[in-house]
Structures are given as structure tokens and as C-alpha cells.
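Asks: See target.tsv below, with TSV, C-alpha atoms.
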```tsv
chain	number	residue	atom	x	y	z
M	1	MET	CA	-115.16	42.36	-43.31
M	2	PHE	CA	-112.97	41.03	-46.11
M	3	ARG	CA	-113.81	41.58	-49.70
M	4	ARG	CA	-114.81	38.47	-51.64
M	5	GLY	CA	-111.69	38.43	-53.86
M	6	THR	CA	-109.36	38.78	-50.91
M	7	THR	CA	-111.10	35.93	-49.04
M	8	LEU	CA	-110.86	33.65	-52.08
M	9	ARG	CA	-107.16	34.34	-52.50
M	10	LYS	CA	-106.57	33.53	-48.82
M	11	ILE	CA	-108.47	30.26	-49.08
M	12	ARG	CA	-106.40	29.23	-52.10
M	13	TYR	CA	-103.20	30.20	-50.28
M	14	MET	CA	-104.12	28.13	-47.19
M	15	THR	CA	-105.02	25.15	-49.36
M	16	LEU	CA	-101.64	25.33	-51.10
M	17	VAL	CA	-99.78	25.46	-47.75
M	18	LEU	CA	-101.77	22.49	-46.43
M	19	CYS	CA	-101.01	20.40	-49.52
M	20	MET	CA	-97.32	21.19	-49.23
M	21	ALA	CA	-97.32	20.14	-45.55
M	22	VAL	CA	-99.00	16.82	-46.35
M	23	SER	CA	-96.50	16.20	-49.13
M	24	VAL	CA	-93.53	16.86	-46.85
M	25	LEU	CA	-94.90	14.68	-44.05
M	26	GLY	CA	-95.58	11.84	-46.46
M	27	ALA	CA	-92.01	11.95	-47.75
M	28	ALA	CA	-90.37	12.19	-44.31
M	29	PRO	CA	-89.95	8.48	-43.50
M	30	GLY	CA	-88.12	7.79	-46.75
M	31	ALA	CA	-85.94	10.84	-46.30
M	32	PHE	CA	-84.92	9.83	-42.77
M	33	ALA	CA	-84.23	6.26	-43.85
M	34	GLU	CA	-82.00	7.47	-46.68
M	35	GLU	CA	-80.12	9.80	-44.34
M	36	LYS	CA	-79.59	6.98	-41.85
M	37	ALA	CA	-78.13	4.76	-44.57
M	38	LYS	CA	-75.79	7.57	-45.64
M	39	SER	CA	-74.63	8.26	-42.09
M	40	THR	CA	-73.83	4.62	-41.33
M	41	GLY	CA	-72.15	4.01	-44.66
M	42	ASN	CA	-73.63	0.50	-44.65
M	43	THR	CA	-74.96	-0.01	-48.16
M	44	ALA	CA	-75.74	-3.64	-47.29
M	45	ALA	CA	-78.67	-2.29	-45.27
M	46	ALA	CA	-80.31	-1.31	-48.55
M	47	VAL	CA	-79.53	-4.64	-50.24
M	48	ASP	CA	-81.15	-7.94	-49.25
M	49	LEU	CA	-78.21	-10.33	-49.33
M	50	ALA	CA	-80.34	-13.30	-48.28
M	51	PRO	CA	-83.78	-12.94	-49.89
M	52	GLY	CA	-84.56	-16.63	-49.54
M	53	ALA	CA	-83.78	-16.83	-45.82
M	54	ARG	CA	-86.31	-16.34	-43.08
M	55	SER	CA	-83.53	-14.87	-40.92
M	56	ALA	CA	-79.90	-13.99	-41.60
M	57	ILE	CA	-76.84	-12.12	-40.38
M	58	LEU	CA	-73.36	-11.31	-41.70
M	59	MET	CA	-70.67	-10.53	-39.12
M	60	ASP	CA	-66.96	-9.78	-39.13
M	61	ALA	CA	-65.54	-12.38	-36.74
M	62	GLY	CA	-62.53	-10.30	-35.77
M	63	THR	CA	-64.39	-7.27	-34.44
M	64	GLY	CA	-67.93	-8.56	-34.08
M	65	THR	CA	-69.14	-5.85	-36.47
M	66	ILE	CA	-72.52	-6.66	-38.02
M	67	ILE	CA	-72.48	-5.91	-41.75
M	68	TYR	CA	-75.98	-7.11	-42.62
M	69	GLU	CA	-78.93	-8.57	-40.76
M	70	LYS	CA	-82.46	-9.63	-41.55
M	71	ASN	CA	-84.90	-10.63	-38.78
M	72	SER	CA	-81.73	-11.55	-36.91
M	73	HIS	CA	-83.38	-11.77	-33.46
M	74	ASP	CA	-86.33	-13.95	-34.51
M	75	LYS	CA	-86.48	-17.04	-32.30
M	76	LEU	CA	-86.43	-20.03	-34.64
M	77	PRO	CA	-85.62	-23.76	-34.52
M	78	PRO	CA	-81.85	-24.02	-35.18
M	79	ALA	CA	-81.76	-27.71	-36.20
M	80	SER	CA	-78.19	-29.10	-36.19
M	81	ILE	CA	-76.62	-25.66	-35.90
M	82	THR	CA	-77.25	-26.43	-32.22
M	83	LYS	CA	-74.07	-28.51	-32.40
M	84	ILE	CA	-71.96	-25.33	-32.59
M	85	MET	CA	-72.61	-24.92	-28.87
M	86	THR	CA	-71.89	-28.62	-28.32
M	87	MET	CA	-68.55	-28.23	-30.09
M	88	LEU	CA	-67.79	-25.04	-28.15
M	89	LEU	CA	-68.20	-26.76	-24.77
M	90	THR	CA	-66.10	-29.67	-26.04
M	91	VAL	CA	-63.15	-27.57	-27.19
M	92	GLU	CA	-63.33	-25.52	-23.99
M	93	ALA	CA	-62.98	-28.75	-22.01
M	94	LEU	CA	-59.99	-29.66	-24.20
M	95	ASP	CA	-58.30	-26.29	-23.81
M	96	GLU	CA	-58.83	-26.34	-20.04
M	97	GLY	CA	-57.33	-29.84	-19.72
M	98	ARG	CA	-60.55	-31.47	-18.52
M	99	LEU	CA	-60.53	-33.61	-21.64
M	100	GLN	CA	-57.88	-35.07	-23.96
M	101	LEU	CA	-58.27	-35.87	-27.66
M	102	THR	CA	-57.15	-39.43	-26.94
M	103	ASP	CA	-59.75	-39.99	-24.19
M	104	LYS	CA	-62.18	-42.79	-24.96
M	105	VAL	CA	-65.89	-41.98	-25.17
M	106	ARG	CA	-68.30	-44.84	-24.58
M	107	THR	CA	-71.64	-44.90	-26.42
M	108	SER	CA	-74.68	-45.44	-24.22
M	109	GLU	CA	-77.85	-47.10	-25.46
M	110	TYR	CA	-79.55	-43.73	-25.33
M	111	ALA	CA	-76.86	-42.08	-27.49
M	112	ALA	CA	-76.98	-44.94	-30.00
M	113	SER	CA	-80.77	-44.58	-30.28
M	114	MET	CA	-80.61	-41.09	-31.83
M	115	GLY	CA	-82.18	-40.87	-35.27
M	116	GLY	CA	-81.52	-38.41	-38.08
M	117	SER	CA	-77.92	-37.70	-39.07
M	118	GLN	CA	-75.61	-40.16	-37.34
M	119	ILE	CA	-72.35	-42.06	-37.53
M	120	PHE	CA	-74.17	-45.26	-36.51
M	121	LEU	CA	-72.60	-45.77	-33.12
M	122	GLU	CA	-73.54	-49.03	-31.43
M	123	PRO	CA	-74.25	-49.38	-27.69
M	124	GLY	CA	-70.98	-49.90	-25.88
M	125	GLU	CA	-68.85	-48.77	-28.84
M	126	GLU	CA	-65.91	-46.56	-27.94
M	127	MET	CA	-64.29	-43.78	-29.96
M	128	THR	CA	-61.77	-41.13	-29.03
M	129	VAL	CA	-62.76	-37.50	-28.46
M	130	ASP	CA	-60.91	-36.73	-31.69
M	131	GLU	CA	-63.09	-39.17	-33.64
M	132	MET	CA	-66.29	-37.96	-31.98
M	133	LEU	CA	-65.48	-34.37	-32.96
M	134	LYS	CA	-65.04	-35.50	-36.56
M	135	GLY	CA	-68.41	-37.22	-36.40
M	136	ILE	CA	-70.10	-34.11	-35.01
M	137	ALA	CA	-68.42	-31.47	-37.18
M	138	MET	CA	-68.42	-33.29	-40.51
M	139	ALA	CA	-71.27	-35.80	-40.43
M	140	SER	CA	-73.52	-33.91	-37.97
M	141	GLY	CA	-73.79	-37.06	-35.87
M	142	ASN	CA	-76.68	-36.81	-33.42
M	143	ASP	CA	-75.44	-39.97	-31.70
M	144	ALA	CA	-71.89	-38.62	-31.40
M	145	SER	CA	-73.22	-35.36	-29.93
M	146	VAL	CA	-75.09	-37.16	-27.15
M	147	ALA	CA	-72.16	-39.48	-26.43
M	148	MET	CA	-69.87	-36.44	-26.13
M	149	ALA	CA	-72.39	-34.65	-23.90
M	150	GLU	CA	-72.58	-37.65	-21.58
M	151	LYS	CA	-68.77	-37.84	-21.45
M	152	ILE	CA	-68.42	-34.18	-20.42
M	153	ALA	CA	-71.40	-33.73	-18.08
M	154	GLY	CA	-72.52	-37.23	-17.13
M	155	SER	CA	-75.88	-36.93	-18.88
M	156	GLU	CA	-77.37	-35.04	-21.78
M	157	SER	CA	-79.70	-33.07	-19.48
M	158	ALA	CA	-76.73	-31.89	-17.37
M	159	PHE	CA	-74.89	-30.93	-20.56
M	160	VAL	CA	-77.92	-28.96	-21.80
M	161	ASP	CA	-77.81	-27.03	-18.52
M	162	MET	CA	-74.20	-26.19	-19.36
M	163	MET	CA	-75.26	-25.07	-22.83
M	164	ASN	CA	-77.89	-22.71	-21.45
M	165	SER	CA	-75.48	-21.38	-18.83
M	166	LYS	CA	-72.94	-20.65	-21.56
M	167	ALA	CA	-75.60	-18.91	-23.63
M	168	GLU	CA	-76.42	-16.73	-20.64
M	169	ALA	CA	-72.73	-15.98	-20.04
M	170	LEU	CA	-72.42	-14.85	-23.67
M	171	GLY	CA	-75.33	-12.46	-23.13
M	172	LEU	CA	-77.65	-14.26	-25.55
M	173	LYS	CA	-81.32	-13.25	-25.27
M	174	ASP	CA	-82.91	-15.31	-28.06
M	175	THR	CA	-81.66	-18.79	-27.19
M	176	HIS	CA	-82.80	-21.76	-25.14
M	177	PHE	CA	-81.59	-25.32	-25.66
M	178	ALA	CA	-83.53	-28.51	-24.92
M	179	ASN	CA	-80.99	-30.98	-26.35
M	180	CYS	CA	-77.42	-31.08	-27.64
M	181	ASN	CA	-78.04	-32.06	-31.27
M	182	GLY	CA	-80.93	-29.96	-32.58
M	183	LEU	CA	-83.52	-32.67	-33.09
M	184	PRO	CA	-87.02	-31.13	-32.90
M	185	ALA	CA	-88.03	-30.43	-29.28
M	186	ALA	CA	-90.29	-28.07	-27.38
M	187	ASN	CA	-88.64	-24.90	-26.05
M	188	HIS	CA	-85.59	-25.35	-28.26
M	189	TYR	CA	-84.78	-22.19	-30.22
M	190	SER	CA	-82.15	-19.66	-31.16
M	191	SER	CA	-81.66	-16.74	-33.56
M	192	ALA	CA	-79.30	-15.86	-36.40
M	193	HIS	CA	-77.72	-13.23	-34.16
M	194	ASP	CA	-77.12	-15.58	-31.24
M	195	ILE	CA	-75.78	-18.33	-33.50
M	196	ALA	CA	-73.31	-15.85	-34.99
M	197	VAL	CA	-72.12	-14.93	-31.49
M	198	ILE	CA	-71.68	-18.61	-30.54
M	199	SER	CA	-69.89	-19.24	-33.85
M	200	ARG	CA	-67.52	-16.34	-33.24
M	201	GLU	CA	-66.78	-17.70	-29.76
M	202	LEU	CA	-66.10	-21.17	-31.19
M	203	LEU	CA	-63.67	-19.71	-33.74
M	204	LYS	CA	-61.51	-18.38	-30.89
M	205	HIS	CA	-60.51	-22.02	-30.42
M	206	GLU	CA	-58.42	-22.52	-33.54
M	207	ARG	CA	-58.29	-26.31	-33.24
M	208	ILE	CA	-61.93	-26.55	-34.36
M	209	ILE	CA	-61.05	-25.60	-37.95
M	210	LYS	CA	-59.23	-28.92	-38.30
M	211	TYR	CA	-62.63	-30.60	-38.03
M	212	THR	CA	-65.08	-28.13	-39.57
M	213	GLY	CA	-62.76	-27.31	-42.49
M	214	SER	CA	-62.12	-30.90	-43.60
M	215	TYR	CA	-64.15	-32.07	-46.55
M	216	GLN	CA	-63.68	-35.82	-46.13
M	217	ASP	CA	-62.18	-38.31	-43.69
M	218	TYR	CA	-62.77	-41.77	-42.23
M	219	LEU	CA	-63.94	-43.29	-38.99
M	220	ARG	CA	-63.12	-46.91	-38.10
M	221	LYS	CA	-60.67	-46.75	-41.02
M	222	ASP	CA	-58.76	-49.89	-40.05
M	223	SER	CA	-61.84	-51.88	-39.01
M	224	ALA	CA	-64.05	-54.23	-40.97
M	225	LYS	CA	-66.66	-51.45	-41.23
M	226	PRO	CA	-64.91	-48.19	-42.18
M	227	PHE	CA	-67.19	-45.15	-42.24
M	228	TRP	CA	-66.53	-42.51	-44.89
M	229	LEU	CA	-67.17	-38.96	-43.67
M	230	VAL	CA	-68.14	-36.23	-46.15
M	231	ASN	CA	-68.70	-32.75	-44.78
M	232	THR	CA	-72.34	-31.70	-44.98
M	233	ASN	CA	-71.09	-28.13	-45.58
M	234	LYS	CA	-70.12	-28.17	-49.26
M	235	LEU	CA	-68.77	-24.61	-49.11
M	236	VAL	CA	-65.55	-25.91	-47.51
M	237	ARG	CA	-64.80	-27.48	-50.88
M	238	PHE	CA	-66.35	-25.04	-53.32
M	239	TYR	CA	-65.79	-21.59	-51.75
M	240	THR	CA	-62.21	-20.34	-51.45
M	241	GLY	CA	-61.38	-19.67	-47.82
M	242	ALA	CA	-64.43	-21.44	-46.32
M	243	ASP	CA	-63.53	-23.71	-43.40
M	244	GLY	CA	-66.70	-24.21	-41.34
M	245	LEU	CA	-68.91	-24.32	-39.47
M	246	LYS	CA	-72.21	-26.25	-39.36
M	247	THR	CA	-75.25	-27.08	-41.48
M	248	GLY	CA	-78.73	-27.92	-40.24
M	249	TYR	CA	-82.05	-29.21	-41.52
M	250	THR	CA	-85.40	-30.34	-40.15
M	251	SER	CA	-88.78	-30.07	-41.82
M	252	GLU	CA	-89.66	-27.32	-39.35
M	253	ALA	CA	-86.39	-25.37	-39.47
M	254	LYS	CA	-85.81	-25.83	-43.23
M	255	PHE	CA	-82.24	-25.45	-44.48
M	256	CYS	CA	-79.87	-23.63	-42.13
M	257	LEU	CA	-76.17	-22.83	-42.11
M	258	SER	CA	-73.63	-21.05	-39.97
M	259	ALA	CA	-70.60	-20.63	-42.20
M	260	THR	CA	-67.20	-19.01	-41.89
M	261	ALA	CA	-64.53	-18.07	-44.40
M	262	ALA	CA	-61.21	-16.23	-44.17
M	263	ARG	CA	-59.56	-14.12	-46.84
M	264	ASP	CA	-57.16	-11.13	-46.98
M	265	GLY	CA	-56.91	-10.86	-43.19
M	266	LEU	CA	-60.70	-10.91	-42.70
M	267	ARG	CA	-62.85	-13.68	-41.26
M	268	ALA	CA	-66.56	-13.65	-41.96
M	269	VAL	CA	-69.40	-15.42	-40.16
M	270	ALA	CA	-72.65	-15.78	-42.09
M	271	VAL	CA	-75.79	-17.37	-40.67
M	272	VAL	CA	-78.98	-18.16	-42.60
M	273	LEU	CA	-82.07	-19.85	-41.18
M	274	GLY	CA	-85.16	-21.13	-42.97
M	275	GLU	CA	-83.73	-21.35	-46.50
M	276	PRO	CA	-85.90	-23.25	-49.04
M	277	ASN	CA	-83.14	-25.59	-50.29
M	278	THR	CA	-79.39	-26.25	-50.13
M	279	LYS	CA	-78.66	-24.54	-53.45
M	280	THR	CA	-80.23	-21.25	-52.32
M	281	ARG	CA	-78.64	-21.56	-48.89
M	282	ASN	CA	-75.13	-22.02	-50.27
M	283	SER	CA	-75.57	-19.40	-52.97
M	284	GLU	CA	-76.77	-16.71	-50.57
M	285	VAL	CA	-74.05	-17.41	-48.00
M	286	SER	CA	-71.45	-17.24	-50.79
M	287	GLY	CA	-72.89	-13.90	-51.83
M	288	MET	CA	-72.69	-12.61	-48.26
M	289	PHE	CA	-69.03	-13.62	-48.10
M	290	ASP	CA	-68.36	-11.96	-51.46
M	291	TYR	CA	-69.93	-8.75	-50.20
M	292	LEU	CA	-67.80	-8.54	-47.05
M	293	PHE	CA	-64.52	-9.42	-48.76
M	294	SER	CA	-65.08	-7.02	-51.66
M	295	GLN	CA	-66.39	-4.06	-49.66
M	296	TYR	CA	-64.44	-4.09	-46.39
M	297	LYS	CA	-60.87	-4.04	-45.08
M	298	MET	CA	-59.25	-4.42	-41.66
M	299	HIS	CA	-57.33	-1.56	-40.06
M	300	THR	CA	-55.07	-2.66	-37.20
M	301	ILE	CA	-54.72	-0.37	-34.18
M	302	TYR	CA	-52.38	-2.56	-32.09
M	303	LYS	CA	-51.00	-6.04	-32.63
M	304	ALA	CA	-51.01	-8.65	-29.86
M	305	GLY	CA	-48.05	-7.97	-27.57
M	306	ASP	CA	-47.69	-4.28	-28.47
M	307	THR	CA	-47.20	-1.89	-25.56
M	308	ILE	CA	-50.18	0.45	-25.27
M	309	GLY	CA	-49.31	2.44	-22.14
M	310	THR	CA	-48.73	2.20	-18.40
M	311	LEU	CA	-50.88	2.27	-15.28
M	312	ASN	CA	-49.78	3.77	-11.95
M	313	ILE	CA	-50.20	1.39	-9.01
M	314	GLU	CA	-50.72	2.57	-5.45
M	315	LYS	CA	-49.20	0.51	-2.61
M	316	GLY	CA	-48.21	-2.34	-4.93
M	317	VAL	CA	-44.97	-4.29	-5.18
M	318	LYS	CA	-44.67	-2.53	-8.53
M	319	LYS	CA	-45.33	1.19	-8.91
M	320	VAL	CA	-46.10	0.96	-12.62
M	321	LEU	CA	-47.87	-1.77	-14.62
M	322	PRO	CA	-47.20	-1.91	-18.38
M	323	ILE	CA	-50.31	-2.38	-20.50
M	324	THR	CA	-49.89	-4.61	-23.53
M	325	ALA	CA	-52.38	-5.71	-26.17
M	326	LYS	CA	-53.64	-9.19	-25.29
M	327	GLU	CA	-55.00	-9.60	-28.81
M	328	THR	CA	-54.90	-7.72	-32.08
M	329	TYR	CA	-57.10	-4.64	-31.80
M	330	SER	CA	-58.59	-3.76	-35.18
M	331	VAL	CA	-61.53	-1.97	-36.74
M	332	LEU	CA	-63.43	-2.84	-39.88
M	333	LEU	CA	-63.55	-0.10	-42.51
M	334	LYS	CA	-65.35	0.24	-45.83
M	335	LYS	CA	-62.89	0.17	-48.71
M	336	GLY	CA	-62.36	3.66	-50.07
M	337	ILE	CA	-62.55	5.29	-46.64
M	338	THR	CA	-59.24	6.88	-45.69
M	339	GLN	CA	-57.61	5.96	-42.41
M	340	GLU	CA	-56.61	9.54	-41.62
M	341	GLY	CA	-59.67	10.10	-39.43
M	342	ILE	CA	-59.05	6.97	-37.35
M	343	ARG	CA	-57.59	7.67	-33.91
M	344	ASN	CA	-57.56	5.92	-30.54
M	345	GLU	CA	-57.63	7.05	-26.94
M	346	LEU	CA	-56.43	5.16	-23.85
M	347	VAL	CA	-58.93	5.62	-21.02
M	348	LEU	CA	-57.37	4.80	-17.62
M	349	PRO	CA	-57.81	5.96	-14.03
M	350	ASP	CA	-55.01	8.12	-12.60
M	351	SER	CA	-53.98	5.14	-10.47
M	352	VAL	CA	-55.29	1.85	-9.08
M	353	LYS	CA	-54.72	0.51	-5.57
M	354	ALA	CA	-53.06	-2.87	-5.17
M	355	PRO	CA	-53.72	-5.74	-5.06
M	356	ILE	CA	-54.54	-6.23	-8.75
M	357	THR	CA	-55.45	-9.65	-10.14
M	358	ALA	CA	-54.45	-10.96	-13.54
M	359	ASP	CA	-57.19	-10.23	-16.09
M	360	GLN	CA	-58.70	-7.53	-13.87
M	361	THR	CA	-60.33	-4.82	-15.99
M	362	ILE	CA	-58.22	-1.67	-15.71
M	363	GLY	CA	-59.48	0.56	-18.52
M	364	LYS	CA	-60.45	0.66	-22.16
M	365	LEU	CA	-59.15	1.56	-25.59
M	366	VAL	CA	-61.59	3.74	-27.52
M	367	VAL	CA	-61.30	3.99	-31.31
M	368	TYR	CA	-62.76	7.02	-33.09
M	369	GLN	CA	-63.53	7.84	-36.69
M	370	GLY	CA	-63.58	11.61	-36.57
M	371	THR	CA	-65.67	12.38	-33.49
M	372	SER	CA	-67.68	9.14	-33.57
M	373	VAL	CA	-66.81	6.11	-31.43
M	374	ILE	CA	-66.59	3.07	-33.70
M	375	LYS	CA	-65.10	0.50	-31.31
M	376	GLU	CA	-64.20	0.02	-27.66
M	377	TYR	CA	-61.82	-2.61	-26.33
M	378	GLU	CA	-61.77	-3.60	-22.66
M	379	LEU	CA	-58.23	-3.63	-21.26
M	380	LYS	CA	-57.18	-6.10	-18.59
M	381	ALA	CA	-54.10	-6.45	-16.40
M	382	GLY	CA	-51.55	-8.80	-17.92
M	383	GLU	CA	-50.26	-9.88	-14.52
M	384	ALA	CA	-51.14	-9.81	-10.84
M	385	VAL	CA	-49.68	-7.04	-8.68
M	386	PRO	CA	-49.78	-7.94	-4.94
M	387	LYS	CA	-49.95	-5.28	-2.28
M	388	ALA	CA	-46.53	-4.26	-0.99
M	389	GLY	CA	-45.55	-5.03	2.62
M	390	TRP	CA	-45.33	-2.23	5.20
M	391	TRP	CA	-41.51	-2.22	5.17
M	392	LYS	CA	-41.35	-1.76	1.38
M	393	LEU	CA	-43.94	1.02	1.57
M	394	PHE	CA	-42.00	2.65	4.44
M	395	LYS	CA	-38.74	2.61	2.47
M	396	ARG	CA	-40.55	3.93	-0.59
M	397	THR	CA	-42.08	6.80	1.44
M	398	THR	CA	-38.91	7.76	3.31
M	399	GLY	CA	-36.86	7.49	0.13
M	400	SER	CA	-39.13	9.98	-1.59
M	401	LEU	CA	-38.48	12.52	1.21
M	402	PHE	CA	-34.82	12.77	0.18
M	403	THR	CA	-35.36	12.72	-3.55
M	404	VAL	CA	-34.50	16.00	-5.25
M	405	ASP	CA	-36.10	16.75	-8.60
```
Take the structure from the file and write it as C-alpha cells.

Replies:
Amino acid sequence: MFRRGTTLRKIRYMTLVLCMAVSVLGAAPGAFAEEKAKSTGNTAAAVDLAPGARSAILMDAGTGTIIYEKNSHDKLPPASITKIMTMLLTVEALDEGRLQLTDKVRTSEYAASMGGSQIFLEPGEEMTVDEMLKGIAMASGNDASVAMAEKIAGSESAFVDMMNSKAEALGLKDTHFANCNGLPAANHYSSAHDIAVISRELLKHERIIKYTGSYQDYLRKDSAKPFWLVNTNKLVRFYTGADGLKTGYTSEAKFCLSATAARDGLRAVAVVLGEPNTKTRNSEVSGMFDYLFSQYKMHTIYKAGDTIGTLNIEKGVKKVLPITAKETYSVLLKKGITQEGIRNELVLPDSVKAPITADQTIGKLVVYQGTSVIKEYELKAGEAVPKAGWWKLFKRTTGSLFTVD
């Protein structure tokens, strides 16, 4: 039996311990969240850069690094931002030679019937691919988008199939297209994240900036009915370095924008969906750009064309394949972080058997900050290496028998 005083002291002690435990448990979520923010070094995570947007994302176009996101995977109506995919398929056709800028595009009655933003194409009217791209990129022409889709795929529905196939190839999980222009339709949606990925892919085709970065131009300039084009994206005029990409609006989607700007060796992609008005939309995207350009810098690992290493080839016409950088390999760093802890490692097999095809994946370049992996680049063969004939292999084998080290 315990004495009364001893029992009372024990009860008080247990009560104190219990209160302390509850206090610690209640504080744990905040403590873990703070630690996570410190470990990532991403102060943007604690700052809402787009408070007016329903969904948003800020991405470095060069590396694909996400700086800030807010509900970025929510599936939402994308309005005319849809046309980023339309432009992507168009410039791909141009780069692959399936289309020329001087090719004529005929306007069908269906294309001419599109409402909303348009360049007022008439049935049977013809414009060049170059002019249609202006109409899509600058004036957000719904009619021009459909005419271009019909030119490339034969019909809008066939073109939409191409759009969805491209989305799948890009690994997009939040996107499904029902048309090529973004007019309201059932089962037509995307997300800020997916739009940023499509935008980044479009920016790999440098010719598009000629269209998305122009503030004003003309269509039918020498005709009796010239059409003055003014870019719906006002940032290309009022934000230094802005040169694209696409605005959007419907009553359901509200005000949307996928924008890009380049400055000091960086290129940003900012996407906002569901903004209340154009002023807020442009202001918040400008603020997102300001954040990236003021807080981050690019650190180059290898420039395009630099020799990275070599790969041993078994039974090939060549015994060694040089590995060169097919693009500039860089990492995004917060300003103020020293580059001393940045290192890279070439990960290759000991050898690869021929034949090897051009663009075959042969290894990877891993970039570390201290012991943490911050970026991986897939490395591909810069040329094909056929398998050597039996006589060449025989001479190589017999020759090695008489080689003295």
C-alpha cells in the first residue's frame, strides 16, 4: 500500500507527463513541415505566389525543375491554352518536313463556323501555314486552329487523336482533349502541371517564339480587308524577357495563362488557371517570374558538344564510342548556394555489344549536391555502330595475340 502523499505526487507526475506528450504530438506536424521546407531549400513552398489562381505552377524550362506549385494536378478546363498542343503538333510537322510554312491551308465550312476568338476565316479562304500560326499564337483563332488541324490530320477528330497520343507519349496523367481550340466540351481537361510540360516541349522548337513573342502583326495586309493582330498575352510587351505562350478564357475556366520569359540564362514557364481577371492573372505570373529570376541561377555541367567520356563496344566496327553532350546539361541552384558541393558521375556499363543504333540509351549522367541526387540525364549514342564482320573480328582477335604490353 502506498501512503496518500506518495500516491498524490505520482498522480501529479503522470498528469504532467501526459500533458507534455499531448503538447509534443500536437506540435509535430508543424515541426515536420518546417524541417521539410529547410531540407528542400524551396522557400517558395511557404509563399503563395498565385493566391488568386485555382491552380498554378512555376517551372524552370531548362531543367524541368518545379519551383512552386499549387493544386498543380487538378483536372480543369484549359480554355485556349489547349492551342499549345495544337501549335506543338504543327511545329513538329514543320521540323519533320511534313509541312512547309508556305503551304496553303484551305478553310472548310466547319472551321469557318467556329465562334469565340477568331481571325474571321471564310469558307474556302486560303492562308499559308505561316499566317495560320500567327492567327493561332497571337489572336487565339479558333477557326485557324481547326483549319490547321484539318490540314495536318484530315479532320479535327483525327487531329485530336494525335493530341491525346502526344499527351500520352509525354507521360501526362491529367489531360484529355476533345477539340483543338479549347472551346467548352465534355471530357476536355488538363492541369497546370501538364500544361507546363507541353509548354516546355513546345519551347524546344525555337521557331515558335517568332509567333508567340510578337505583340502585333497583320493578316491579309495587302488585301482590301487587312486584319490587325494584337497578341492576347500582354506580358510580351510589358514584361522584360516575356515571349509567349498562350492565354485562355471561358466562363467556366476563367482567366488562364501559360507564359514564358527568358533572362540571365534562365527560361521560366509559369501556368495559372482559374484567375478572376486579366489584371490578377498578369500580375501573379509576373511575380512568379520575378521570384525565379531573383532567387535562382543556372550551373552548367556540360555544354552541348562537350566530350563526356567513352563507351567500350564489343564486336562493333568501332571498339570505342565517344560520348558527347547532345544538349547543355545544367542544374538549377538557389542563389547563395556554393557550387563546391556539386559533382557529377558518369554511369555506364563496362561494355555494350554491337550493333548500336543512333539515339540508343547507353547510360546516364547523375548530378549530386553533396550526397543527394539532384538531377539525372539520360545519355544516348550519338551515332550508329554496326556489328563488325567475321573477318574484321578475326583480325582483331589474332592481332591481340601478338600484342605485347

Asks: Measure the distance from CA of Val285 (chain M) to CA of Ser258 (chain M) in Å and round it to one decimal.

Replies: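 Computing the Euclidean distance for CA of Val285 (chain M) and CA of Ser258 (chain M) yields 8.8 Å.
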
Asks: Need to verify the contact set: Ile337 (chain M), 12 Å, only C-alpha atoms, exclusion of same-chain residues closer than 2 positions in sequence. Can you return it as a ChimeraX atom specification?

Replies: /M:41,295-299,332-335,339-342,369-370

Asks: Kindly assemble as a Markdown table a list of the region 268-317 of chain M residues that lie within 6 Å of region 237-255 of chain M, each paired with its nearest atom pair and their distance in Å to one decimal, using all atoms listed in the file, sorted first by chain and then by ascending residue number.

Replies:
```
| residue | atom | partner | partner_atom | distance |
| --- | --- | --- | --- | --- |
| M:Gly274 | CA | M:Lys254 | CA | 4.8 |
| M:Glu275 | CA | M:Phe255 | CA | 4.8 |
| M:Asn277 | CA | M:Phe255 | CA | 5.9 |
```

Asks: Restricting the output to C-alpha atoms, write the selected residues as a tab-separated table (two decimals), keeping the file's coordinate frame.

Replies:
```tsv
chain	number	residue	atom	x	y	z
M	274	GLY	CA	-85.16	-21.13	-42.97
M	275	GLU	CA	-83.73	-21.35	-46.50
M	277	ASN	CA	-83.14	-25.59	-50.29
```

Asks: Between M:Glu96, M:Ser55, M:Ala112, M:Asn231, single out the one closest to Cys256 (chain M), counting all atoms listed in the file.

Replies: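 Among the listed residues, the smallest separation from Cys256 (chain M) belongs to M:Ser55.
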
Asks: Could you list, as a VMD selection string, every residue within 7 Å of region 151-164 of chain M, counting only C-alpha atoms and ignoring same-chain residues fewer than 2 positions away?

Replies: chain M and resid 85 105 146 to 149 166 to 168 176 to 180

Asks: With C-alpha atoms retained, export the selected residues as a PDB file, in the frame of the given file.

Replies:
```pdb
ATOM      1  CA  MET M  85     -72.610 -24.920 -28.870  1.00  0.00           C
ATOM      2  CA  VAL M 105     -65.890 -41.980 -25.170  1.00  0.00           C
ATOM      3  CA  VAL M 146     -75.090 -37.160 -27.150  1.00  0.00           C
ATOM      4  CA  ALA M 147     -72.160 -39.480 -26.430  1.00  0.00           C
ATOM      5  CA  MET M 148     -69.870 -36.440 -26.130  1.00  0.00           C
ATOM      6  CA  ALA M 149     -72.390 -34.650 -23.900  1.00  0.00           C
ATOM      7  CA  LYS M 166     -72.940 -20.650 -21.560  1.00  0.00           C
ATOM      8  CA  ALA M 167     -75.600 -18.910 -23.630  1.00  0.00           C
ATOM      9  CA  GLU M 168     -76.420 -16.730 -20.640  1.00  0.00           C
ATOM     10  CA  HIS M 176     -82.800 -21.760 -25.140  1.00  0.00           C
ATOM     11  CA  PHE M 177     -81.590 -25.320 -25.660  1.00  0.00           C
ATOM     12  CA  ALA M 178     -83.530 -28.510 -24.920  1.00  0.00           C
ATOM     13  CA  ASN M 179     -80.990 -30.980 -26.350  1.00  0.00           C
ATOM     14  CA  CYS M 180     -77.420 -31.080 -27.640  1.00  0.00           C
TER      15      CYS M 180
END
```

Asks: Pick out the closest residue to Leu99 (chain M) from this set: M:Val129, M:Leu346, M:Ile119, M:Ala79. Count all atoms listed in the file.

Replies: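 Under the stated criterion, the closest residue is M:Val129.
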
Asks: Residues of region 93-160 of chain M that approach region 201-211 of chain M to 8 Å or less, counting all atoms listed in the file: could you list each one with the shortest pair of atoms and its distance in Å to one decimal, rows by chain and increasing residue number, as a tab-separated table?

Replies:
```
residue	atom	partner	partner_atom	distance
M:Leu133	CA	M:Tyr211	CA	6.9
M:Lys134	CA	M:Tyr211	CA	5.7
M:Ala137	CA	M:Tyr211	CA	5.9
M:Met138	CA	M:Tyr211	CA	6.8
```

Asks: Within 6 Å of region 377-382 of chain M, counting all atoms listed in the file, which residues qualify if same-chain residues fewer than 5 places away don't, as a list in words?

Replies: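 Near region 377-382 of chain M, the qualifying residues are Ala358, Asp359, Gln360, Thr361, Ile362, Gly363, Lys364 and Leu365 of chain M.
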
Asks: Between CA of Gly52 (chain M) and CA of Pro184 (chain M), what is the distance, to one decimal in Å?

Replies: 22.2 Å
